[in-house]
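work.pdb, holding PDB, C-alpha atoms:
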ATOM      1  CA  MET F 177       0.000   0.000   0.000
ATOM      2  CA  PRO F 178       1.450   3.431  -0.954
ATOM      3  CA  ILE F 179       2.529   5.624   1.941
ATOM      4  CA  ASN F 180       2.104   9.396   1.769
ATOM      5  CA  GLN F 181       5.049  11.624   2.596
ATOM      6  CA  TYR F 182       4.110  12.558   6.172
ATOM      7  CA  ILE F 183       2.779  10.681   9.180
ATOM      8  CA  TYR F 184       1.206  12.826  11.905
ATOM      9  CA  ILE F 185       0.770  11.625  15.492
ATOM     10  CA  PHE F 186      -2.034  13.382  17.385
ATOM     11  CA  SER F 187      -2.724  13.769  21.080
ATOM     12  CA  TYR F 188      -6.095  14.864  22.477
ATOM     13  CA  ASP F 189      -8.649  13.800  25.055
ATOM     14  CA  THR F 190     -12.233  12.780  24.331
ATOM     15  CA  THR F 191     -13.588  16.282  25.000
ATOM     16  CA  GLU F 192     -11.434  17.683  22.164
ATOM     17  CA  SER F 193     -11.760  14.872  19.641
ATOM     18  CA  GLU F 194     -14.473  16.565  17.549
ATOM     19  CA  LEU F 195     -12.535  19.840  17.496
ATOM     20  CA  CYS F 196      -9.351  18.069  16.409
ATOM     21  CA  LYS F 197     -11.155  16.342  13.556
ATOM     22  CA  LEU F 198     -12.806  19.605  12.495
ATOM     23  CA  GLU F 199      -9.415  21.311  12.449
ATOM     24  CA  SER F 200      -7.909  18.414  10.462
ATOM     25  CA  ARG F 201     -10.595  18.726   7.808
ATOM     26  CA  TYR F 202      -9.450  22.291   7.171
ATOM     27  CA  LEU F 203      -5.705  21.619   7.426
ATOM     28  CA  PHE F 204      -5.502  18.235   5.676
ATOM     29  CA  GLN F 205      -8.918  17.687   4.077
ATOM     30  CA  ALA F 206      -8.879  14.430   6.080
ATOM     31  CA  GLU F 207      -9.286  13.160   9.650
ATOM     32  CA  ASP F 208      -6.977  11.104  11.819
ATOM     33  CA  ILE F 209      -7.662   7.424  12.431
ATOM     34  CA  ASP F 210      -6.760   6.337  15.965
ATOM     35  CA  LYS F 211      -4.766   9.576  16.340
ATOM     36  CA  VAL F 212      -2.637   8.919  13.245
ATOM     37  CA  LEU F 213      -2.907  10.682   9.884
ATOM     38  CA  ASN F 214      -0.911   9.925   6.739
ATOM     39  CA  SER F 215      -0.896  12.843   4.317
ATOM     40  CA  ASP F 216       1.037  14.614   1.585
ATOM     41  CA  VAL F 217       0.140  17.972   3.181
ATOM     42  CA  LYS F 218       3.041  19.436   5.162
ATOM     43  CA  ILE F 219       2.046  21.177   8.411
ATOM     44  CA  ASP F 220       4.489  22.192  11.139
ATOM     45  CA  PRO F 221       3.527  20.342  14.353
ATOM     46  CA  TRP F 222       3.470  23.578  16.360
ATOM     47  CA  HIS F 223       0.762  24.813  14.005
ATOM     48  CA  SER F 224      -1.778  22.719  15.938
ATOM     49  CA  ALA F 225      -2.267  22.008  19.616
ATOM     50  CA  PHE F 226      -3.150  18.427  18.724
ATOM     51  CA  ILE F 227      -0.211  17.391  16.521
ATOM     52  CA  LYS F 228       2.420  15.826  18.732
ATOM     53  CA  LYS F 229       4.879  14.594  16.091
ATOM     54  CA  ARG F 230       5.421  14.483  12.332
ATOM     55  CA  ILE F 231       7.484  11.860  10.533
ATOM     56  CA  ASP F 232       9.000  13.060   7.264
ATOM     57  CA  ILE F 233       9.224   9.734   5.487
ATOM     58  CA  ASP F 234      12.454   9.366   3.536
ATOM     59  CA  LEU F 235      12.712   5.624   2.920
ATOM     60  CA  THR F 236      10.214   2.766   2.913
ATOM     61  CA  ALA F 237      10.471  -1.003   2.339
ATOM     62  CA  ASP F 238       8.271  -4.034   2.892
ATOM     63  CA  SER F 239      10.995  -5.699   4.990
ATOM     64  CA  PHE F 240      13.332  -4.276   7.609
ATOM     65  CA  GLU F 241      16.357  -5.850   5.921
ATOM     66  CA  LEU F 242      15.606  -4.040   2.683
ATOM     67  CA  LEU F 243      15.051  -0.774   4.560
ATOM     68  CA  LEU F 244      18.367  -1.173   6.378
ATOM     69  CA  ASN F 245      20.167  -1.680   3.067
ATOM     70  CA  LYS F 246      18.576   1.490   1.704
ATOM     71  CA  ILE F 247      19.756   3.414   4.777
ATOM     72  CA  LYS F 248      23.294   2.068   4.342
ATOM     73  CA  ASP F 249      23.278   3.087   0.679
ATOM     74  CA  ARG F 250      22.509   6.666   1.723
ATOM     75  CA  ASN F 251      25.817   6.942   3.627
ATOM     76  CA  ILE F 252      24.218   9.251   6.180
ATOM     77  CA  CYS F 253      26.672  11.376   8.170
ATOM     78  CA  MET F 254      25.206  13.131  11.193
ATOM     79  CA  GLU F 255      26.737  14.182  14.496
ATOM     80  CA  GLY F 256      24.526  14.159  17.581
ATOM     81  CA  PHE F 257      21.720  12.097  16.061
ATOM     82  CA  LYS F 258      19.066  10.021  17.789
ATOM     83  CA  ILE F 259      16.657   7.378  16.490
ATOM     84  CA  GLU F 260      13.240   6.760  18.026
ATOM     85  CA  TYR F 261      10.988   3.784  17.383
ATOM     86  CA  LEU F 262       7.317   4.711  17.118
ATOM     87  CA  VAL F 263       4.903   1.865  17.774
ATOM     88  CA  MET F 264       1.940   2.119  15.401
ATOM     89  CA  GLU F 265      -1.338   0.223  15.243
ATOM     90  CA  GLY F 266      -0.741  -3.342  14.037
ATOM     91  CA  ASP F 267       2.964  -3.429  14.930
ATOM     92  CA  SER F 268       3.676  -6.580  16.951
ATOM     93  CA  THR F 269       7.457  -6.099  17.114
ATOM     94  CA  THR F 270       8.743  -6.943  20.583
ATOM     95  CA  TYR F 271      10.614  -4.416  22.672
ATOM     96  CA  ALA F 272      13.872  -6.353  22.416
ATOM     97  CA  ASP F 273      13.525  -6.580  18.631
ATOM     98  CA  ARG F 274      12.807  -2.861  18.404
ATOM     99  CA  LEU F 275      16.031  -2.105  20.274
ATOM    100  CA  GLU F 276      18.001  -4.337  17.909
ATOM    101  CA  LYS F 277      16.571  -2.611  14.865
ATOM    102  CA  LEU F 278      17.443   0.792  16.295
ATOM    103  CA  LYS F 279      20.951  -0.433  16.978
ATOM    104  CA  ASP F 280      21.312  -1.732  13.424
ATOM    105  CA  ILE F 281      20.310   1.636  11.991
ATOM    106  CA  GLY F 282      22.510   3.517  14.459
ATOM    107  CA  TYR F 283      25.569   1.565  13.321
ATOM    108  CA  SER F 284      24.671   2.424   9.711
ATOM    109  CA  ILE F 285      24.896   6.180  10.334
ATOM    110  CA  GLU F 286      28.296   7.874  10.412
ATOM    111  CA  GLY F 287      28.523  10.050  13.520
ATOM    112  CA  THR F 288      28.208  10.038  17.296
ATOM    113  CA  PRO F 289      24.692   9.605  18.705
ATOM    114  CA  GLU F 290      23.267  11.970  21.317
ATOM    115  CA  TYR F 291      20.345  10.661  23.363
ATOM    116  CA  TYR F 292      19.446  13.669  25.507
ATOM    117  CA  LYS F 293      19.870  16.756  23.293
ATOM    118  CA  PRO F 294      20.086  15.430  19.728
ATOM    119  CA  SER F 295      20.762  17.754  16.816
ATOM    120  CA  THR F 296      18.649  15.530  14.576
ATOM    121  CA  THR F 297      16.075  12.889  15.468
ATOM    122  CA  TYR F 298      15.151  10.078  13.100
ATOM    123  CA  SER F 299      12.189   7.764  13.401
ATOM    124  CA  LEU F 300      11.592   4.124  12.579
ATOM    125  CA  CYS F 301       8.109   2.658  12.424
ATOM    126  CA  TYR F 302       6.072  -0.152  10.875
ATOM    127  CA  TYR F 303       2.983   1.360   9.284
ATOM    128  CA  LYS F 304       0.421  -0.060   6.862
ATOM    129  CA  GLY F 305       2.588  -3.103   6.236
ATOM    130  CA  MET F 306       5.696  -1.052   5.406
ATOM    131  CA  TRP F 307       8.856  -0.160   7.302
ATOM    132  CA  CYS F 308       9.375   3.620   7.287
ATOM    133  CA  PHE F 309      12.419   5.737   8.135
ATOM    134  CA  GLY F 310      12.730   9.508   8.189
ATOM    135  CA  LEU F 311      13.126  12.682  10.215
ATOM    136  CA  LEU F 312      11.035  13.064  13.361
ATOM    137  CA  ILE F 313       9.750  16.603  13.988
ATOM    138  CA  LYS F 314       8.237  17.209  17.419
ATOM    139  CA  ASN F 315       5.873  19.890  18.642
ATOM    140  CA  GLN F 316       7.990  21.906  21.070
ATOM    141  CA  PHE F 317       4.883  23.673  22.453
ATOM    142  CA  ALA F 318       6.615  27.068  22.314
ATOM    143  CA  TRP F 319       3.164  28.679  22.172
ATOM    144  CA  TYR F 320       2.592  27.587  25.780
ATOM    145  CA  LYS F 321       4.261  30.899  26.656
ATOM    146  CA  HIS F 322       0.885  32.524  25.969
ATOM    147  CA  LYS F 323      -0.423  30.941  29.163
ATOM    148  CA  LYS F 324       1.655  33.567  30.976
ATOM    149  CA  LYS F 325       0.034  36.532  29.269
ATOM    150  CA  PRO F 326      -0.430  39.499  31.618
ATOM    151  CA  PHE F 327      -4.233  39.485  31.441
ATOM    152  CA  SER F 328      -6.605  36.546  31.393
ATOM    153  CA  TYR F 329     -10.101  35.578  32.527
ATOM    154  CA  SER F 330     -11.321  32.219  33.784
ATOM    155  CA  ASN F 331     -14.057  32.096  31.162
ATOM    156  CA  SER F 332     -11.639  32.675  28.250
ATOM    157  CA  ILE F 333     -11.307  29.847  25.765
ATOM    158  CA  ASN F 334      -8.158  27.786  26.228
ATOM    159  CA  ILE F 335      -5.151  27.809  23.908
ATOM    160  CA  HIS F 336      -6.102  24.510  22.252
ATOM    161  CA  ILE F 337      -9.448  25.893  21.128
ATOM    162  CA  ALA F 338      -7.943  29.231  20.090
ATOM    163  CA  LYS F 339      -5.325  27.585  17.882
ATOM    164  CA  ALA F 340      -7.912  25.316  16.291
ATOM    165  CA  LEU F 341     -10.222  28.241  15.528
ATOM    166  CA  VAL F 342      -7.372  30.086  13.816
ATOM    167  CA  ASN F 343      -6.504  27.007  11.737
ATOM    168  CA  ILE F 344     -10.138  26.455  10.750
ATOM    169  CA  ALA F 345     -10.465  30.112   9.777
ATOM    170  CA  ALA F 346      -7.168  30.429   7.893
ATOM    171  CA  GLN F 347      -6.781  26.911   6.404
ATOM    172  CA  SER F 348      -2.970  27.424   6.310
ATOM    173  CA  ASN F 349      -3.315  30.362   3.898
ATOM    174  CA  LYS F 350      -0.949  33.096   5.115
ATOM    175  CA  ASP F 351      -2.559  35.597   2.726
ATOM    176  CA  VAL F 352      -5.923  35.634   4.503
ATOM    177  CA  LYS F 353      -7.066  38.555   6.607
ATOM    178  CA  LEU F 354      -8.714  37.497   9.876
ATOM    179  CA  LEU F 355     -10.894  39.309  12.381
ATOM    180  CA  ASP F 356     -11.416  38.327  16.009
ATOM    181  CA  ALA F 357     -14.827  39.954  16.306
ATOM    182  CA  CYS F 358     -15.218  39.668  20.102
ATOM    183  CA  CYS F 359     -11.536  39.586  20.957
ATOM    184  CA  GLY F 360     -11.677  40.044  24.729
ATOM    185  CA  VAL F 361      -8.099  39.954  26.051
ATOM    186  CA  GLY F 362      -6.805  38.614  22.727
ATOM    187  CA  THR F 363      -6.450  34.860  23.307
ATOM    188  CA  ILE F 364      -7.273  34.046  19.672
ATOM    189  CA  MET F 365      -5.200  36.953  18.377
ATOM    190  CA  LEU F 366      -2.104  35.692  20.192
ATOM    191  CA  GLU F 367      -2.336  32.307  18.463
ATOM    192  CA  ALA F 368      -2.924  33.893  15.053
ATOM    193  CA  CYS F 369       0.088  36.186  15.487
ATOM    194  CA  PHE F 370       2.273  33.297  16.666
ATOM    195  CA  ALA F 371       1.335  31.333  13.529
ATOM    196  CA  GLY F 372       2.130  34.291  11.286
ATOM    197  CA  TYR F 373      -1.392  35.284  10.241
ATOM    198  CA  SER F 374      -2.700  38.811   9.779
ATOM    199  CA  ILE F 375      -5.484  39.475  12.278
ATOM    200  CA  ASP F 376      -7.358  42.447  13.722
ATOM    201  CA  GLY F 377      -9.354  42.404  16.937
ATOM    202  CA  ASN F 378     -12.530  44.179  17.897
ATOM    203  CA  ASP F 379     -14.431  44.550  21.147
ATOM    204  CA  ILE F 380     -16.925  47.055  22.490
ATOM    205  CA  ASN F 381     -15.434  46.932  26.004
ATOM    206  CA  TRP F 382     -12.629  49.490  26.368
ATOM    207  CA  LYS F 383     -11.054  47.687  29.331
ATOM    208  CA  VAL F 384     -10.526  44.328  27.591
ATOM    209  CA  CYS F 385      -9.340  46.125  24.441
ATOM    210  CA  ARG F 386      -6.610  47.779  26.475
ATOM    211  CA  GLN F 387      -5.711  44.439  28.048
ATOM    212  CA  ALA F 388      -5.643  42.738  24.630
ATOM    213  CA  ARG F 389      -3.213  45.388  23.367
ATOM    214  CA  GLN F 390      -1.005  44.859  26.426
ATOM    215  CA  ASN F 391      -1.075  41.083  25.959
ATOM    216  CA  LEU F 392      -0.027  41.459  22.311
ATOM    217  CA  ALA F 393       2.715  43.936  23.192
ATOM    218  CA  HIS F 394       4.014  41.610  25.907
ATOM    219  CA  PHE F 395       4.945  39.070  23.199
ATOM    220  CA  ASN F 396       6.006  41.744  20.676
ATOM    221  CA  TYR F 397       3.118  41.003  18.303
ATOM    222  CA  ASP F 398       1.920  43.713  15.954
ATOM    223  CA  ALA F 399      -1.867  43.644  15.546
ATOM    224  CA  THR F 400      -4.646  46.224  15.690
ATOM    225  CA  VAL F 401      -7.411  46.114  18.292
ATOM    226  CA  PHE F 402     -10.458  48.298  17.572
ATOM    227  CA  ARG F 403     -12.592  49.541  20.463
ATOM    228  CA  SER F 404     -15.911  49.920  18.711
ATOM    229  CA  ASP F 405     -19.237  48.379  17.894
ATOM    230  CA  ILE F 406     -18.555  45.835  15.171
ATOM    231  CA  LYS F 407     -21.165  47.453  12.911
ATOM    232  CA  ASP F 408     -18.910  50.519  12.698
ATOM    233  CA  LEU F 409     -15.954  48.632  11.191
ATOM    234  CA  ASN F 410     -15.556  49.424   7.501
ATOM    235  CA  LEU F 411     -12.739  47.000   6.636
ATOM    236  CA  LYS F 412     -13.085  43.703   4.783
ATOM    237  CA  TYR F 413     -11.920  40.285   6.002
ATOM    238  CA  ASP F 414     -11.708  36.774   4.620
ATOM    239  CA  THR F 415     -12.906  35.171   7.865
ATOM    240  CA  ALA F 416     -14.236  36.480  11.161
ATOM    241  CA  ILE F 417     -13.871  34.424  14.332
ATOM    242  CA  ILE F 418     -16.574  35.119  16.912
ATOM    243  CA  ASP F 419     -16.470  33.757  20.463
ATOM    244  CA  LEU F 420     -19.864  35.035  21.586
ATOM    245  CA  PRO F 421     -19.776  36.535  25.113
ATOM    246  CA  TYR F 422     -21.528  34.545  27.818
ATOM    247  CA  ASN F 423     -20.074  35.569  31.193
ATOM    248  CA  LEU F 424     -21.682  37.657  33.915
ATOM    249  CA  PHE F 425     -20.093  40.915  32.738
ATOM    250  CA  SER F 426     -20.695  40.631  28.998
ATOM    251  CA  HIS F 427     -23.532  38.306  28.076
ATOM    252  CA  ALA F 428     -24.770  38.098  24.496
ATOM    253  CA  ASP F 429     -28.529  37.514  24.362
ATOM    254  CA  GLU F 430     -30.255  36.530  21.118
ATOM    255  CA  GLU F 431     -30.647  40.126  19.970
ATOM    256  CA  SER F 432     -27.034  41.133  20.606
ATOM    257  CA  SER F 433     -25.763  37.833  19.166
ATOM    258  CA  LEU F 434     -27.729  38.463  15.972
ATOM    259  CA  HIS F 435     -26.291  41.986  15.846
ATOM    260  CA  ILE F 436     -22.709  40.720  16.199
ATOM    261  CA  ILE F 437     -23.166  37.932  13.657
ATOM    262  CA  THR F 438     -24.937  40.008  10.990
ATOM    263  CA  SER F 439     -22.420  42.846  11.407
ATOM    264  CA  ALA F 440     -19.511  40.396  11.037
ATOM    265  CA  ALA F 441     -21.151  38.791   7.998
ATOM    266  CA  ALA F 442     -21.308  42.214   6.351
ATOM    267  CA  ILE F 443     -17.505  42.542   6.395
ATOM    268  CA  ALA F 444     -16.290  38.904   6.233
ATOM    269  CA  ASN F 445     -16.757  36.154   3.659
ATOM    270  CA  ARG F 446     -16.864  33.345   6.232
ATOM    271  CA  LEU F 447     -17.638  33.150   9.939
ATOM    272  CA  VAL F 448     -16.294  30.728  12.545
ATOM    273  CA  ILE F 449     -18.556  31.097  15.579
ATOM    274  CA  VAL F 450     -18.258  29.719  19.111
ATOM    275  CA  SER F 451     -21.395  29.595  21.235
ATOM    276  CA  ILE F 452     -22.776  27.780  24.276
ATOM    277  CA  VAL F 453     -26.317  27.834  22.868
ATOM    278  CA  ASP F 454     -27.962  26.434  19.746
ATOM    279  CA  LEU F 455     -27.646  29.026  16.982
ATOM    280  CA  THR F 456     -29.446  27.104  14.216
ATOM    281  CA  ASP F 457     -32.422  29.446  13.854
ATOM    282  CA  LEU F 458     -30.408  32.595  14.499
ATOM    283  CA  LEU F 459     -27.856  31.731  11.787
ATOM    284  CA  THR F 460     -30.660  31.181   9.287
ATOM    285  CA  THR F 461     -32.122  34.558  10.238
ATOM    286  CA  ALA F 462     -28.676  36.114   9.645
ATOM    287  CA  GLY F 463     -28.610  34.669   6.127
ATOM    288  CA  LEU F 464     -25.894  32.102   6.846
ATOM    289  CA  VAL F 465     -25.561  28.436   5.981
ATOM    290  CA  VAL F 466     -23.669  26.055   8.284
ATOM    291  CA  VAL F 467     -20.974  24.208   6.310
ATOM    292  CA  ASP F 468     -19.395  22.429   9.283
ATOM    293  CA  LYS F 469     -19.854  22.080  13.030
ATOM    294  CA  CYS F 470     -18.498  20.395  16.152
ATOM    295  CA  ASP F 471     -19.091  20.263  19.904
ATOM    296  CA  ILE F 472     -16.475  20.788  22.602
ATOM    297  CA  LYS F 473     -17.251  19.511  26.076
ATOM    298  CA  LYS F 474     -15.447  20.803  29.133
ATOM    299  CA  SER F 475     -13.653  18.267  31.330
ATOM    300  CA  GLY F 476     -15.479  17.711  34.609
ATOM    301  CA  LYS F 477     -18.506  19.735  33.484
ATOM    302  CA  ALA F 478     -20.551  17.451  31.258
ATOM    303  CA  LYS F 479     -23.379  19.992  30.949
ATOM    304  CA  PHE F 480     -21.074  22.746  29.678
ATOM    305  CA  THR F 481     -20.589  22.459  25.920
ATOM    306  CA  ARG F 482     -19.232  24.896  23.383
ATOM    307  CA  ASN F 483     -20.435  24.662  19.792
ATOM    308  CA  VAL F 484     -18.240  25.659  16.857
ATOM    309  CA  TRP F 485     -20.090  26.692  13.699
ATOM    310  CA  VAL F 486     -18.395  27.289  10.330
ATOM    311  CA  CYS F 487     -20.733  29.438   8.241
ATOM    312  CA  ASP F 488     -20.895  30.904   4.756
ATOM    313  CA  LYS F 489     -23.330  33.434   3.389
ATOM    314  CA  MET F 490     -26.385  32.105   1.573
ATOM    315  CA  ASN F 491     -26.303  32.630  -2.191
TER     316      ASN F 491
END
Starting from the coordinates I provided, produce the structure as structure tokens.
Amino acid sequence: MPINQYIYIFSYDTTESELCKLESRYLFQAEDIDKVLNSDVKIDPWHSAFIKKRIDIDLTADSFELLLNKIKDRNICMEGFKIEYLVMEGDSTTYADRLEKLKDIGYSIEGTPEYYKPSTTYSLCYYKGMWCFGLLIKNQFAWYKHKKKPFSYSNSINIHIAKALVNIAAQSNKDVKLLDACCGVGTIMLEACFAGYSIDGNDINWKVCRQARQNLAHFNYDATVFRSDIKDLNLKYDTAIIDLPYNLFSHADEESSLHIITSAAAIANRLVIVSIVDLTDLLTTAGLVVVDKCDIKKSGKAKFTRNVWVCDKMN
């Protein structure tokens, strides 16, 4: 069976599984199977909160002996390398045998290995009936630094959701122009800036706008935050991300939600909306059609569910 160029290893809990699959549909046009995805689409692991590792497949063979010969023929020279064995679904190789295979490959590479701080990490795995060897790229979770932003609220969406929303909205296109329509303290904006996307923020609350600007400045990100009613924005965007307010200080009832959504639809081609209530009728009233959707449950609070709606304008 042919193997695509990249193997992605995902990590997520059951509450995030739908969100991960929704994100994957917009990044890869495919979903993972048992937290593994084989694709020809190249995505940096740090691009998603759910991608743990990516294997850049260099060599494949239907037997380990043939793969080892291919590795030897490459005459690889690398100082400070490391090789990791990834156990995939259907691989019955024993632990002792895995160690021997790693040793065989290690002796076939010219250079001194480094187990703790390798300069280069290779991976060996048995996948879909084939032995695969290539570079192993790990998510270093550098974006975790955003957890230490100066301003935050307990009701803010977490980083995992924020990153997924950005990926769903941008679809890996660095030319898109994004809007965080209810930006709050800028949680979504931080993830968009980290990933290299162009994004503006908007909020009617002057206090959170100031805090969003301070959060962005803290990480040296350059993005504009407008303190205004969204209906007063006269710019155009490819996609608007809307995390509808629901806390005690800024609650969006049906009327204000409709106002935010219709105003965003007037300046954006697509909307990615987060809500804790069913928006089916309201979205129809706003002239939108739902093209995709998922639910996100909160750990320990089974009754608390966020809904993510991907919407286009009706023709």
Report task. Considering only C-alpha atoms, return as a ChimeraX atom specification whatever protein or nucleic-acid residues lie within 6 Å of stretch 296-308 of chain F, sequence-local ones (same chain, fewer than 6 positions apart) excluded. Result -> /F:235-238,257-262
**Report entry** Selection: 9 Å around F:Tyr184, only C-alpha atoms, excl. self and same-chain fewer than 5 positions, as a ChimeraX atom specification
**Finding:** /F:208,211-215,221,227-231
Interface rows for stretch 182-273 of chain F against stretch 318-333 of chain F: nearest pair, Å to one decimal, 10 Å, all atoms listed in the file, as a tab-separated table:
residue	atom	partner	partner_atom	distance
F:Trp222	CA	F:Ala318	CA	7.6
F:His223	CA	F:Trp319	CA	9.3
F:Ser224	CA	F:Trp319	CA	9.9
F:Ala225	CA	F:Trp319	CA	9.0
Report task. I would like the residues chosen by the PyMOL selection byres ((chain F and resi 385) around 9) on the shown file; could you give them as a PyMOL selection string? Result -> chain F and resi 359-362+377-384+386-390+401-403
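Distances here use only C-alpha atoms; by that measure, the residue among F:Thr415, F:Thr481, F:Asn491, F:Thr400 closest to F:Ala444 is F:Thr415.
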Report task. For F:Val342, please output as a count of residues only all residues within 12 Å (counting only C-alpha atoms; exclusion window: fewer than 6 positions along the same chain). Result -> 39
Requested in this report: Enumerate, as a PyMOL selection string, the residues matched when the PyMOL selection byres ((chain F and resi 408) around 12) is run on the file above.
Outcome: chain F and resi 357+378-380+402-407+409-412+435-436+439-440+442-443
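Against the coordinates shown, the PyMOL selection byres ((chain F and resi 283) around 12) returns Leu244, Ile247, Lys248, Asn251, Ile252, Cys253, Met254, Phe257, Lys258, Ile259, Glu276, Lys277, Leu278, Lys279, Asp280, Ile281, Gly282, Ser284, Ile285, Glu286, Gly287, Thr288 and Pro289 of chain F.
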Query raised in the report: Between atom CA of F:Phe309 and atom CA of F:Asn343, what is the distance, to one decimal in Å?
Result: 28.7 Å
**Report entry** For F:Val467, the nearest of the candidates F:Leu420, F:Val484, F:Tyr397, F:Asn245, counting all atoms listed in the file
**Finding:** F:Val484
Query - Gap from atom CA of F:Arg274 to atom CA of F:Ser187 - Å, one decimal - result: 22.9 Å
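Interatomic distance, atom CA of F:Ala272 to atom CA of F:Glu290: 20.6 Å.
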Query - Selected residue, from F:Asp351, F:Lys246, F:Asn180, F:Asp210, that lies nearest to F:Lys197 when counting only C-alpha atoms - result: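 Nearest candidate to F:Lys197 out of F:Asp351, F:Lys246, F:Asn180, F:Asp210: F:Asp210.
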